[in-house]
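Data block for target_1.csv (CSV, C-alpha atoms and all ligand atoms):
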```
chain,number,residue,atom,x,y,z
A,632,MET,CA,9.7,5.0,-22.0
A,633,LYS,CA,7.2,7.1,-20.1
A,634,SER,CA,8.1,10.6,-19.1
A,635,LEU,CA,6.8,12.8,-16.4
A,636,ALA,CA,5.6,15.3,-19.0
A,637,GLU,CA,2.8,12.8,-20.0
A,638,LEU,CA,1.1,13.8,-16.7
A,639,GLN,CA,0.3,17.2,-18.4
A,640,ALA,CA,-2.0,15.4,-20.9
A,641,ILE,CA,-3.6,13.4,-18.0
A,642,LYS,CA,-4.1,16.7,-16.2
A,643,ALA,CA,-5.8,18.4,-19.2
A,644,LYS,CA,-8.2,15.4,-19.6
A,645,MET,CA,-8.9,15.3,-15.9
A,646,GLN,CA,-9.7,19.0,-15.6
A,647,ASN,CA,-12.8,18.5,-17.8
A,648,LYS,CA,-13.8,15.4,-15.9
A,649,VAL,CA,-13.5,17.1,-12.5
A,650,MET,CA,-16.1,19.6,-13.7
A,651,LEU,CA,-18.4,16.8,-14.8
A,652,ARG,CA,-18.0,15.1,-11.5
A,653,SER,CA,-18.9,18.1,-9.4
A,654,ASN,CA,-22.1,18.4,-11.5
A,655,ASP,CA,-23.6,15.1,-10.6
A,656,GLY,CA,-25.3,14.9,-7.3
A,657,GLU,CA,-25.0,11.2,-6.8
A,658,GLU,CA,-24.4,10.0,-3.3
A,659,THR,CA,-21.2,8.4,-2.4
A,660,ILE,CA,-20.6,4.7,-1.8
A,661,ARG,CA,-17.6,4.0,0.4
A,662,VAL,CA,-15.4,0.9,0.1
A,663,VAL,CA,-13.0,0.4,3.0
A,664,VAL,CA,-10.2,-2.1,2.8
A,665,GLY,CA,-8.4,-3.3,5.9
A,666,MET,CA,-4.7,-3.0,5.3
A,667,ALA,CA,-3.1,-4.0,8.6
A,668,THR,CA,-0.3,-6.6,8.8
A,669,CYS,CA,-2.7,-9.6,8.9
A,670,GLY,CA,-4.7,-8.1,6.0
A,671,ILE,CA,-1.7,-7.5,3.8
A,672,ALA,CA,-0.4,-11.0,4.5
A,673,ALA,CA,-3.7,-12.5,3.5
A,674,GLY,CA,-3.9,-10.6,0.2
A,675,ALA,CA,-5.4,-7.2,0.9
A,676,ARG,CA,-3.2,-5.4,-1.6
A,677,PRO,CA,-4.5,-7.1,-4.7
A,678,VAL,CA,-8.0,-6.8,-3.3
A,679,LEU,CA,-7.6,-3.0,-3.0
A,680,ASN,CA,-6.1,-2.8,-6.5
A,681,ALA,CA,-9.0,-4.8,-7.9
A,682,PHE,CA,-11.5,-2.4,-6.4
A,683,LEU,CA,-9.6,0.6,-7.8
A,684,LYS,CA,-9.4,-1.0,-11.2
A,685,GLU,CA,-13.1,-2.0,-11.4
A,686,VAL,CA,-14.1,1.5,-10.2
A,687,GLU,CA,-11.9,3.1,-12.9
A,688,ASP,CA,-12.9,0.7,-15.7
A,689,ARG,CA,-16.6,1.1,-15.0
A,690,HIS,CA,-16.3,4.9,-14.4
A,691,LEU,CA,-18.1,4.6,-11.0
A,692,ASN,CA,-17.5,8.2,-10.1
A,693,ASN,CA,-19.7,7.9,-7.0
A,694,VAL,CA,-17.5,5.2,-5.4
A,695,MET,CA,-14.7,6.2,-2.9
A,696,CYS,CA,-12.1,3.5,-2.0
A,697,THR,CA,-10.3,4.1,1.3
A,698,GLN,CA,-7.9,2.1,3.4
A,699,THR,CA,-7.9,1.5,7.1
A,700,GLY,CA,-5.8,-0.4,9.6
A,701,CYS,CA,-7.0,-3.5,11.5
A,702,ILE,CA,-10.7,-4.1,11.4
A,703,GLY,CA,-10.1,-6.6,14.2
A,704,ILE,CA,-11.1,-9.9,12.7
A,705,CYS,CA,-7.7,-11.3,11.5
A,706,ARG,CA,-8.9,-14.8,10.7
A,707,TYR,CA,-11.3,-13.4,8.1
A,708,GLU,CA,-8.8,-11.2,6.3
A,709,PRO,CA,-8.8,-9.7,3.7
A,710,VAL,CA,-11.8,-7.8,5.0
A,711,VAL,CA,-13.7,-5.1,3.1
A,712,GLU,CA,-16.6,-2.9,4.3
A,713,VAL,CA,-19.1,-1.4,2.0
A,714,TYR,CA,-21.1,1.6,3.1
A,715,MET,CA,-24.1,2.5,1.0
A,716,PRO,CA,-25.5,6.1,0.8
A,717,ASP,CA,-28.5,4.9,2.9
A,718,GLY,CA,-26.1,4.2,5.8
A,719,SER,CA,-26.2,0.4,5.5
A,720,LYS,CA,-22.8,-1.4,6.1
A,721,THR,CA,-21.8,-4.8,4.8
A,722,THR,CA,-18.7,-6.6,5.9
A,723,TYR,CA,-17.2,-8.9,3.3
A,724,VAL,CA,-14.6,-11.4,4.4
A,725,LYS,CA,-11.8,-13.6,2.9
A,726,MET,CA,-11.9,-11.4,-0.2
A,727,ASP,CA,-10.0,-12.0,-3.4
A,728,GLU,CA,-9.9,-10.4,-6.8
A,729,ASP,CA,-12.7,-12.6,-8.3
A,730,LYS,CA,-15.0,-11.8,-5.4
A,731,VAL,CA,-14.3,-8.1,-5.9
A,732,ALA,CA,-15.6,-8.2,-9.4
A,733,LYS,CA,-18.8,-9.8,-8.2
A,734,VAL,CA,-19.2,-7.4,-5.3
A,735,VAL,CA,-18.8,-4.4,-7.6
A,736,HIS,CA,-21.2,-5.8,-10.2
A,737,GLU,CA,-23.9,-7.0,-7.8
A,738,HIS,CA,-23.7,-4.8,-4.8
A,739,ILE,CA,-22.2,-1.5,-5.9
A,740,VAL,CA,-23.8,-1.3,-9.3
A,741,ASN,CA,-27.0,-3.2,-8.7
A,742,ASN,CA,-27.5,-2.6,-5.0
A,743,LYS,CA,-27.8,-6.3,-4.1
A,744,VAL,CA,-25.6,-7.6,-1.2
A,745,VAL,CA,-23.5,-10.7,-2.1
A,746,GLN,CA,-24.7,-12.7,0.9
A,747,GLU,CA,-22.3,-15.6,0.4
A,748,TYR,CA,-19.2,-13.5,0.9
A,749,THR,CA,-20.5,-11.6,4.0
A,750,ILE,CA,-19.2,-12.2,7.5
A,751,GLY,CA,-22.7,-13.5,8.4
A,752,ALA,CA,-22.4,-16.4,5.9
A,753,PHE,CA,-19.0,-17.4,7.3
A,754,GLU,CA,-20.0,-17.3,10.9
A,755,LYS,CA,-22.9,-19.8,10.4
B,115,MET,CA,4.9,-12.3,3.8
B,116,LYS,CA,5.2,-13.7,0.3
B,117,GLU,CA,7.0,-10.6,-1.0
B,118,LEU,CA,9.3,-8.1,0.5
B,119,SER,CA,7.2,-5.4,-1.2
B,120,LEU,CA,4.4,-6.5,1.2
B,121,ASN,CA,6.6,-6.0,4.2
B,122,ILE,CA,7.5,-2.6,2.8
B,123,LEU,CA,3.9,-1.7,2.4
B,124,ASP,CA,3.1,-2.8,6.0
B,125,ILE,CA,6.1,-1.0,7.6
B,126,THR,CA,5.3,2.2,5.7
B,127,TYR,CA,1.8,2.2,7.1
B,128,ASN,CA,3.5,2.6,10.5
B,129,SER,CA,5.0,5.8,9.2
B,130,ILE,CA,1.6,7.0,7.9
B,131,LYS,CA,0.1,6.2,11.2
B,132,ALA,CA,2.9,8.2,12.9
B,133,GLU,CA,1.7,11.2,10.8
B,134,ALA,CA,4.8,11.6,8.7
B,135,SER,CA,4.7,14.2,6.0
B,136,LEU,CA,7.8,12.8,4.3
B,137,ILE,CA,8.5,9.1,3.8
B,138,GLN,CA,11.5,7.8,2.0
B,139,ILE,CA,11.6,4.2,0.8
B,140,THR,CA,14.9,2.8,-0.4
B,141,VAL,CA,15.4,-0.6,-1.9
B,142,THR,CA,18.8,-1.9,-3.0
B,143,GLU,CA,19.4,-5.2,-4.6
B,144,SER,CA,22.9,-6.2,-5.5
B,145,MET,CA,24.0,-9.5,-6.9
B,146,LYS,CA,27.6,-8.4,-6.5
B,147,LYS,CA,27.1,-7.9,-2.8
B,148,ASN,CA,24.7,-10.7,-2.6
B,149,LEU,CA,22.4,-8.4,-0.7
B,150,VAL,CA,18.9,-6.9,-0.6
B,151,GLU,CA,18.4,-3.9,1.6
B,152,ILE,CA,15.2,-2.0,2.5
B,153,ARG,CA,15.0,1.2,4.4
B,154,ILE,CA,12.0,3.2,5.4
B,155,GLN,CA,12.6,6.6,6.8
B,156,ASP,CA,9.9,9.0,8.1
B,157,ASN,CA,9.6,12.3,9.9
B,158,GLY,CA,6.6,11.1,12.0
B,159,CYS,CA,6.1,11.2,15.7
B,160,GLY,CA,8.9,8.7,16.6
B,161,MET,CA,9.2,6.5,19.6
B,162,ASP,CA,10.9,6.9,22.9
B,163,GLU,CA,13.8,4.7,23.9
B,164,ALA,CA,11.9,2.5,26.3
B,165,PHE,CA,9.2,1.8,23.7
B,166,LEU,CA,11.7,1.3,20.9
B,167,SER,CA,13.7,-1.3,22.9
B,168,ARG,CA,10.6,-3.4,23.1
B,169,VAL,CA,9.1,-2.8,19.6
B,170,THR,CA,10.6,-5.9,18.1
B,171,ASP,CA,8.8,-8.0,20.7
B,172,PRO,CA,5.5,-9.1,19.1
B,173,PHE,CA,3.5,-8.2,22.2
B,174,VAL,CA,4.2,-4.5,21.8
B,175,THR,CA,1.7,-2.3,20.0
B,176,THR,CA,-0.2,0.9,20.5
B,177,ARG,CA,-3.1,-0.4,18.5
B,178,THR,CA,-6.3,-1.2,20.4
B,179,THR,CA,-8.0,-3.8,18.1
B,180,ARG,CA,-5.5,-6.5,18.9
B,181,LYS,CA,-3.0,-7.1,21.6
B,182,VAL,CA,0.0,-7.9,19.5
B,183,GLY,CA,2.0,-5.9,17.0
B,184,LEU,CA,3.2,-8.0,14.1
B,185,GLY,CA,4.8,-6.0,11.4
B,186,ILE,CA,8.1,-5.2,12.9
B,187,PRO,CA,8.8,-8.6,14.5
B,188,LEU,CA,7.8,-10.2,11.2
B,189,LEU,CA,10.3,-8.1,9.2
B,190,LYS,CA,13.1,-8.7,11.7
B,191,GLN,CA,12.5,-12.4,11.6
B,192,SER,CA,12.5,-12.7,7.8
B,193,ALA,CA,15.7,-10.6,7.6
B,194,GLU,CA,17.5,-12.7,10.2
B,195,ASP,CA,16.3,-16.0,8.7
B,196,THR,CA,18.3,-15.2,5.6
B,197,GLY,CA,21.4,-14.2,7.6
B,198,GLY,CA,20.5,-10.5,7.2
B,199,ARG,CA,20.2,-7.8,9.7
B,200,PHE,CA,17.4,-5.7,11.2
B,201,GLU,CA,17.6,-2.3,12.8
B,202,ILE,CA,15.2,0.4,13.9
B,203,ARG,CA,16.2,3.8,15.1
B,204,SER,CA,13.8,6.5,16.3
B,205,LYS,CA,13.6,9.8,18.1
B,206,VAL,CA,10.5,11.4,19.5
B,207,GLY,CA,9.4,14.3,17.4
B,208,GLU,CA,12.0,13.6,14.7
B,209,GLY,CA,11.1,10.3,13.1
B,210,THR,CA,12.0,6.7,12.5
B,211,VAL,CA,14.3,4.7,10.3
B,212,THR,CA,13.5,1.0,9.8
B,213,TYR,CA,16.1,-1.0,8.1
B,214,ALA,CA,16.4,-4.7,7.0
B,215,SER,CA,18.9,-6.6,4.9
B,216,PHE,CA,18.7,-10.0,3.4
B,217,ARG,CA,21.1,-12.4,1.8
B,218,LEU,CA,20.0,-12.2,-1.8
B,219,ASP,CA,20.8,-15.9,-2.7
B,220,HIS,CA,19.3,-17.3,0.5
B,221,LEU,CA,16.5,-19.9,-0.2
B,222,ASP,CA,14.3,-18.3,2.4
B,223,ARG,CA,14.5,-14.8,1.0
B,224,ALA,CA,11.1,-13.7,-0.4
B,225,PRO,CA,11.2,-12.0,-3.8
B,226,ILE,CA,11.0,-8.3,-3.8
B,227,GLY,CA,7.7,-8.6,-5.7
B,228,ASP,CA,5.4,-5.9,-6.9
B,229,MET,CA,6.8,-2.6,-5.8
B,230,SER,CA,4.6,-0.8,-8.2
B,231,SER,CA,1.5,-1.9,-6.4
B,232,THR,CA,3.1,-1.1,-3.0
B,233,ILE,CA,3.9,2.4,-4.0
B,234,THR,CA,0.5,3.1,-5.6
B,235,SER,CA,-1.3,1.6,-2.6
B,236,LEU,CA,0.6,4.0,-0.4
B,237,ILE,CA,-0.1,7.0,-2.5
B,238,GLN,CA,-3.8,5.9,-2.6
B,239,ALA,CA,-3.8,5.7,1.2
B,240,ASN,CA,-2.6,9.3,1.6
B,241,ASP,CA,-1.8,11.4,-1.3
B,242,ARG,CA,-0.7,14.4,0.7
B,243,ILE,CA,2.4,12.7,2.1
B,244,ARG,CA,5.6,13.2,0.1
B,245,PHE,CA,6.9,9.8,-0.9
B,246,ILE,CA,10.4,9.4,-2.2
B,247,TYR,CA,11.0,5.9,-3.5
B,248,ARG,CA,14.5,5.0,-4.6
B,249,HIS,CA,15.4,1.6,-6.1
B,250,GLU,CA,19.0,0.6,-6.9
B,251,THR,CA,20.4,-2.4,-8.6
B,252,ASP,CA,23.8,-3.3,-10.1
B,253,HIS,CA,22.5,-1.9,-13.4
B,254,GLY,CA,21.3,1.5,-12.3
B,255,SER,CA,18.9,3.4,-10.1
B,256,PHE,CA,15.4,4.9,-10.3
B,257,VAL,CA,13.8,7.6,-8.1
B,258,LEU,CA,10.2,8.6,-7.8
B,259,ASP,CA,9.5,11.7,-5.9
B,260,THR,CA,5.8,12.6,-5.5
B,261,ASP,CA,6.7,16.3,-5.3
B,262,GLU,CA,7.8,16.1,-8.9
B,263,LEU,CA,4.5,14.5,-9.9
B,264,HIS,CA,2.6,17.3,-8.2
B,265,GLU,CA,4.7,19.8,-10.1
B,266,GLN,CA,3.3,18.4,-13.4
B,267,LEU,CA,-0.3,17.9,-12.1
B,268,GLY,CA,-1.0,21.1,-10.2
B,269,ASP,CA,-4.1,20.5,-8.0
B,270,ILE,CA,-5.1,17.2,-9.6
B,271,PRO,CA,-4.6,14.6,-6.8
B,272,LEU,CA,-2.2,11.7,-7.2
B,273,SER,CA,-4.9,9.4,-6.0
B,274,ALA,CA,-7.1,10.1,-9.0
B,275,PRO,CA,-7.5,6.7,-10.8
B,276,GLU,CA,-6.0,7.8,-14.1
B,277,VAL,CA,-3.0,9.3,-12.3
B,278,LEU,CA,-2.5,6.3,-10.1
B,279,GLY,CA,-2.7,4.0,-13.0
B,280,TRP,CA,0.0,6.0,-14.8
B,281,ILE,CA,2.3,6.0,-11.8
B,282,GLY,CA,2.0,2.2,-11.5
B,283,GLU,CA,3.0,1.7,-15.2
B,284,TYR,CA,5.8,4.3,-14.8
B,285,ILE,CA,7.3,2.4,-11.9
B,286,VAL,CA,7.0,-1.0,-13.7
B,287,GLU,CA,8.8,0.4,-16.8
B,288,ASN,CA,11.6,1.9,-14.8
B,289,LEU,CA,12.1,-1.1,-12.7
B,290,GLU,CA,12.3,-3.4,-15.7
B,291,GLU,CA,15.0,-1.1,-17.0
B,292,ILE,CA,17.2,-1.5,-13.9
B,293,GLN,CA,16.2,-5.1,-13.0
B,294,GLY,CA,16.9,-6.4,-16.5
B,295,GLY,CA,13.3,-7.8,-16.8
B,296,LYS,CA,13.3,-9.9,-13.7
B,297,VAL,CA,11.5,-8.8,-10.6
A,801,LIG,N1,7.6,4.6,12.0
A,801,LIG,C1,7.0,4.6,13.3
A,801,LIG,N2,6.8,5.7,13.9
A,801,LIG,C2,6.2,5.7,15.2
A,801,LIG,N3,5.8,4.6,15.8
A,801,LIG,C3,6.0,3.4,15.2
A,801,LIG,C4,6.6,3.3,13.9
A,801,LIG,N4,6.7,2.0,13.6
A,801,LIG,C5,6.2,1.4,14.6
A,801,LIG,N5,5.8,2.2,15.6
A,801,LIG,C6,5.2,1.7,16.9
A,801,LIG,O1,5.4,0.4,17.0
A,801,LIG,C7,4.2,-0.4,17.2
A,801,LIG,C8,4.4,-1.8,16.6
A,801,LIG,O2,4.5,-1.7,15.2
A,801,LIG,P1,4.2,-3.0,14.4
A,801,LIG,O3,5.1,-4.1,14.8
A,801,LIG,O4,4.2,-2.6,12.9
A,801,LIG,O5,2.7,-3.4,14.8
A,801,LIG,P2,1.3,-2.7,14.6
A,801,LIG,O6,1.5,-1.6,13.5
A,801,LIG,O7,0.4,-3.7,14.3
A,801,LIG,O8,1.0,-2.0,16.0
A,801,LIG,C9,3.2,0.5,16.5
A,801,LIG,O9,1.9,0.2,17.1
A,801,LIG,C10,3.7,1.9,16.8
A,801,LIG,O10,3.3,2.3,18.1
A,802,MG,MG,2.5,-2.0,11.7
```

Would you write the structure of this file as structure tokens?
Amino acid sequence: MKSLAELQAIKAKMQNKVMLRSNDGEETIRVVVGMATCGIAAGARPVLNAFLKEVEDRHLNNVMCTQTGCIGICRYEPVVEVYMPDGSKTTYVKMDEDKVAKVVHEHIVNNKVVQEYTIGAFEK
Amino acid sequence: MKELSLNILDITYNSIKAEASLIQITVTESMKKNLVEIRIQDNGCGMDEAFLSRVTDPFVTTRTTRKVGLGIPLLKQSAEDTGGRFEIRSKVGEGTVTYASFRLDHLDRAPIGDMSSTITSLIQANDRIRFIYRHETDHGSFVLDTDELHEQLGDIPLSAPEVLGWIGEYIVENLEEIQGGKV
């Protein structure tokens, strides 16, 4: 059984890492997941968790995942917006866990937008 | 919603939006009483009586992106569909309590589902809020108070991936203990 005291060990490990993090000057990529009622009903929670897990597993220290309320396009939920350091914004729609893996690999790591999942591709 | 834990997530975002600094989430499931209860209490901005009386109407919302509010009417409907009860109490400047009960053995009752993901998603959304999550069954009870986590962690944020992962597993383990393996 886990005990709260285990957090002490995590803390010790983290303190070294925090120092490392503040040393790299990489610019931040922001991932925003829509978590309003319609998003949650459509599966936004596992999408958020999949992003968090990918980011942790790949040690993507320059990626910040945040949550927001309604993005305003209920029929396309779960909706995720990706903001690159150059200011460009991509809106991904009808997301799921498998799509998250691809977006992280192609867009976030290799800077290539996954066109087929974007809102543009769905509105055609 | 496919899981009650998703309703809980959704309703708790209302509390976050109301700028609560303390949010208490209580889940009780009792085979003996044939009852599942969920209760979300916050110390956020609250609602006045006139607004509160209309809040279970799906056309009431303060959001601007869409004309209908959905979360509260949805929870009310799912509770009442199982022969359960819904109640919301609120006071401006003091906070809000949202309560729903469900008949446990009713066919239309959604499973409680993944409470661990719900709680970690909420902490990830805002790790400066104090969350107290209580879960009770016929076999025992479990409490997670984020203040106790902060005590161990000092200035390391709860939303750090390593910490959040640990919290998720901690909840799963403790729920297995009191739910006897079934969620
Ligand atoms: N805990 C709360 N504190 C203050 N206001 C609340 C709370 N819960 C709900 N409300 C108000 O009720 C409205 C309707 O809530 P809800 O049915 O969840 O729809 P939505 O969140 O999409 O607007 C909200 O927009 C908000 O103004
Ligand atoms: Mg809501």

### Task
Residues within 12 Å of ligand MG 802 (chain A) should be enumerated using all atoms listed in the file and returned as a PyMOL selection string.
(chain A and resi 666-672+699-701) or (chain B and resi 120-132+169-170+172+174-177+180+182-189+212)

Could you please take those selected residues and save C-alpha atoms as a compact mmCIF listing (two decimals), in the coordinates of the input?
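That gives us again_4.txt:
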```
# COMPACT_ATOMS: atom_id res chain seq x y z
CA MET A 666 -4.70 -3.00 5.30
CA ALA A 667 -3.10 -4.00 8.60
CA THR A 668 -0.30 -6.60 8.80
CA CYS A 669 -2.70 -9.60 8.90
CA GLY A 670 -4.70 -8.10 6.00
CA ILE A 671 -1.70 -7.50 3.80
CA ALA A 672 -0.40 -11.00 4.50
CA THR A 699 -7.90 1.50 7.10
CA GLY A 700 -5.80 -0.40 9.60
CA CYS A 701 -7.00 -3.50 11.50
CA LEU B 120 4.40 -6.50 1.20
CA ASN B 121 6.60 -6.00 4.20
CA ILE B 122 7.50 -2.60 2.80
CA LEU B 123 3.90 -1.70 2.40
CA ASP B 124 3.10 -2.80 6.00
CA ILE B 125 6.10 -1.00 7.60
CA THR B 126 5.30 2.20 5.70
CA TYR B 127 1.80 2.20 7.10
CA ASN B 128 3.50 2.60 10.50
CA SER B 129 5.00 5.80 9.20
CA ILE B 130 1.60 7.00 7.90
CA LYS B 131 0.10 6.20 11.20
CA ALA B 132 2.90 8.20 12.90
CA VAL B 169 9.10 -2.80 19.60
CA THR B 170 10.60 -5.90 18.10
CA PRO B 172 5.50 -9.10 19.10
CA VAL B 174 4.20 -4.50 21.80
CA THR B 175 1.70 -2.30 20.00
CA THR B 176 -0.20 0.90 20.50
CA ARG B 177 -3.10 -0.40 18.50
CA ARG B 180 -5.50 -6.50 18.90
CA VAL B 182 0.00 -7.90 19.50
CA GLY B 183 2.00 -5.90 17.00
CA LEU B 184 3.20 -8.00 14.10
CA GLY B 185 4.80 -6.00 11.40
CA ILE B 186 8.10 -5.20 12.90
CA PRO B 187 8.80 -8.60 14.50
CA LEU B 188 7.80 -10.20 11.20
CA LEU B 189 10.30 -8.10 9.20
CA THR B 212 13.50 1.00 9.80
```

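Compared by their closest atoms to ligand LIG 801 (chain A), and using all atoms listed in the file, the residues A:Cys705, A:Val731, A:Ala673, A:Ala752 rank with A:Cys705 nearest.
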
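Computed from the coordinates, the CA of Glu637 (chain A) to CA of Pro677 (chain A) distance equals 26.1 Å.
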
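Rounded to one decimal, CA of Gly198 (chain B) and CA of Val141 (chain B) lie 14.4 Å from each other.
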
### Summary
A straight line from CA of Gln293 (chain B) to CA of Thr142 (chain B) spans 10.8 Å

Find the nearest atom pair between each residue of chain A and chain B for residues within 8 Å, count all atoms listed in the file, give distances in Å to one decimal, sort rows by chain and ascending number, and present the table as JSON lines.
```
{"residue": "A:Met632", "atom": "CA", "partner": "B:Glu287", "partner_atom": "CA", "distance": 7.0}
{"residue": "A:Lys633", "atom": "CA", "partner": "B:Tyr284", "partner_atom": "CA", "distance": 6.2}
{"residue": "A:Ser634", "atom": "CA", "partner": "B:Tyr284", "partner_atom": "CA", "distance": 8.0}
{"residue": "A:Leu635", "atom": "CA", "partner": "B:Leu263", "partner_atom": "CA", "distance": 7.1}
{"residue": "A:Ala636", "atom": "CA", "partner": "B:Gln266", "partner_atom": "CA", "distance": 6.8}
{"residue": "A:Leu638", "atom": "CA", "partner": "B:Gln266", "partner_atom": "CA", "distance": 6.1}
{"residue": "A:Gln639", "atom": "CA", "partner": "B:Gln266", "partner_atom": "CA", "distance": 6.0}
{"residue": "A:Ile641", "atom": "CA", "partner": "B:Val277", "partner_atom": "CA", "distance": 7.0}
{"residue": "A:Lys642", "atom": "CA", "partner": "B:Leu267", "partner_atom": "CA", "distance": 5.7}
{"residue": "A:Met645", "atom": "CA", "partner": "B:Ile270", "partner_atom": "CA", "distance": 7.6}
{"residue": "A:Gln646", "atom": "CA", "partner": "B:Ile270", "partner_atom": "CA", "distance": 7.8}
{"residue": "A:Met666", "atom": "CA", "partner": "B:Asp124", "partner_atom": "CA", "distance": 7.8}
{"residue": "A:Ala667", "atom": "CA", "partner": "B:Asp124", "partner_atom": "CA", "distance": 6.8}
{"residue": "A:Thr668", "atom": "CA", "partner": "B:Gly185", "partner_atom": "CA", "distance": 5.8}
{"residue": "A:Ile671", "atom": "CA", "partner": "B:Leu120", "partner_atom": "CA", "distance": 6.7}
{"residue": "A:Ala672", "atom": "CA", "partner": "B:Met115", "partner_atom": "CA", "distance": 5.5}
{"residue": "A:Arg676", "atom": "CA", "partner": "B:Ser235", "partner_atom": "CA", "distance": 7.3}
{"residue": "A:Leu679", "atom": "CA", "partner": "B:Ser235", "partner_atom": "CA", "distance": 7.8}
{"residue": "A:Asn680", "atom": "CA", "partner": "B:Ser235", "partner_atom": "CA", "distance": 7.6}
{"residue": "A:Leu683", "atom": "CA", "partner": "B:Pro275", "partner_atom": "CA", "distance": 7.1}
{"residue": "A:Lys684", "atom": "CA", "partner": "B:Pro275", "partner_atom": "CA", "distance": 7.9}
{"residue": "A:Glu687", "atom": "CA", "partner": "B:Pro275", "partner_atom": "CA", "distance": 6.1}
{"residue": "A:Thr697", "atom": "CA", "partner": "B:Ala239", "partner_atom": "CA", "distance": 6.7}
{"residue": "A:Gln698", "atom": "CA", "partner": "B:Ala239", "partner_atom": "CA", "distance": 5.9}
{"residue": "A:Cys701", "atom": "CA", "partner": "B:Thr179", "partner_atom": "CA", "distance": 6.7}
{"residue": "A:Ile702", "atom": "CA", "partner": "B:Thr179", "partner_atom": "CA", "distance": 7.2}
{"residue": "A:Gly703", "atom": "CA", "partner": "B:Thr179", "partner_atom": "CA", "distance": 5.2}
```

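Excluding Ser144 (chain B) itself and same-chain residues fewer than 2 positions from it, the residues having an atom within 10 Å of it are Thr142, Lys146, Lys147, Asn148, Leu149, Val150, Glu151, Arg217, Leu218, Glu250, Thr251, Asp252 and His253 of chain B, counting only C-alpha atoms.
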
For region 133-140 of chain B: contacts at 7 Å, all atoms listed in the file, fewer than 5 positions along chain excluded, given as a PDB file with C-alpha atoms, in the coordinates of the input:
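Saved the output as out-v8.pdb:
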```pdb
ATOM      1  CA  ILE B 152      15.200  -2.000   2.500  1.00  0.00           C
ATOM      2  CA  ARG B 153      15.000   1.200   4.400  1.00  0.00           C
ATOM      3  CA  ILE B 154      12.000   3.200   5.400  1.00  0.00           C
ATOM      4  CA  GLN B 155      12.600   6.600   6.800  1.00  0.00           C
ATOM      5  CA  ASP B 156       9.900   9.000   8.100  1.00  0.00           C
ATOM      6  CA  ASN B 157       9.600  12.300   9.900  1.00  0.00           C
ATOM      7  CA  GLY B 158       6.600  11.100  12.000  1.00  0.00           C
ATOM      8  CA  CYS B 159       6.100  11.200  15.700  1.00  0.00           C
ATOM      9  CA  ILE B 243       2.400  12.700   2.100  1.00  0.00           C
ATOM     10  CA  ARG B 244       5.600  13.200   0.100  1.00  0.00           C
ATOM     11  CA  PHE B 245       6.900   9.800  -0.900  1.00  0.00           C
ATOM     12  CA  ILE B 246      10.400   9.400  -2.200  1.00  0.00           C
ATOM     13  CA  TYR B 247      11.000   5.900  -3.500  1.00  0.00           C
ATOM     14  CA  ARG B 248      14.500   5.000  -4.600  1.00  0.00           C
ATOM     15  CA  HIS B 249      15.400   1.600  -6.100  1.00  0.00           C
TER      16      HIS B 249
END
```

Reconstructed N, CA, C and O atoms for region 709-716 of chain A, given as a PDB file, in the frame of the given file:
```
ATOM      1  N   PRO A 709      -8.573 -11.129   3.829  1.00  0.00           N
ATOM      2  CA  PRO A 709      -8.800  -9.700   3.700  1.00  0.00           C
ATOM      3  C   PRO A 709     -10.288  -9.306   3.925  1.00  0.00           C
ATOM      4  O   PRO A 709     -11.167  -9.961   3.417  1.00  0.00           O
ATOM      5  N   VAL A 710     -10.475  -8.245   4.703  1.00  0.00           N
ATOM      6  CA  VAL A 710     -11.800  -7.800   5.000  1.00  0.00           C
ATOM      7  C   VAL A 710     -12.089  -6.444   4.338  1.00  0.00           C
ATOM      8  O   VAL A 710     -11.227  -5.582   4.264  1.00  0.00           O
ATOM      9  N   VAL A 711     -13.314  -6.342   3.817  1.00  0.00           N
ATOM     10  CA  VAL A 711     -13.700  -5.100   3.100  1.00  0.00           C
ATOM     11  C   VAL A 711     -15.092  -4.700   3.642  1.00  0.00           C
ATOM     12  O   VAL A 711     -15.981  -5.541   3.788  1.00  0.00           O
ATOM     13  N   GLU A 712     -15.241  -3.428   3.938  1.00  0.00           N
ATOM     14  CA  GLU A 712     -16.600  -2.900   4.300  1.00  0.00           C
ATOM     15  C   GLU A 712     -17.124  -2.037   3.254  1.00  0.00           C
ATOM     16  O   GLU A 712     -16.413  -1.215   2.694  1.00  0.00           O
ATOM     17  N   VAL A 713     -18.394  -2.223   2.970  1.00  0.00           N
ATOM     18  CA  VAL A 713     -19.100  -1.400   2.000  1.00  0.00           C
ATOM     19  C   VAL A 713     -20.165  -0.588   2.657  1.00  0.00           C
ATOM     20  O   VAL A 713     -21.034  -1.163   3.312  1.00  0.00           O
ATOM     21  N   TYR A 714     -20.075   0.736   2.549  1.00  0.00           N
ATOM     22  CA  TYR A 714     -21.100   1.600   3.100  1.00  0.00           C
ATOM     23  C   TYR A 714     -21.910   2.239   2.006  1.00  0.00           C
ATOM     24  O   TYR A 714     -21.373   2.940   1.153  1.00  0.00           O
ATOM     25  N   MET A 715     -23.204   1.964   2.015  1.00  0.00           N
ATOM     26  CA  MET A 715     -24.100   2.500   1.000  1.00  0.00           C
ATOM     27  C   MET A 715     -24.574   3.900   1.429  1.00  0.00           C
ATOM     28  O   MET A 715     -24.554   4.221   2.622  1.00  0.00           O
ATOM     29  N   PRO A 716     -25.047   4.696   0.463  1.00  0.00           N
ATOM     30  CA  PRO A 716     -25.500   6.100   0.800  1.00  0.00           C
ATOM     31  C   PRO A 716     -26.652   6.041   1.837  1.00  0.00           C
ATOM     32  O   PRO A 716     -26.805   7.001   2.590  1.00  0.00           O
TER      33      PRO A 716
END
```
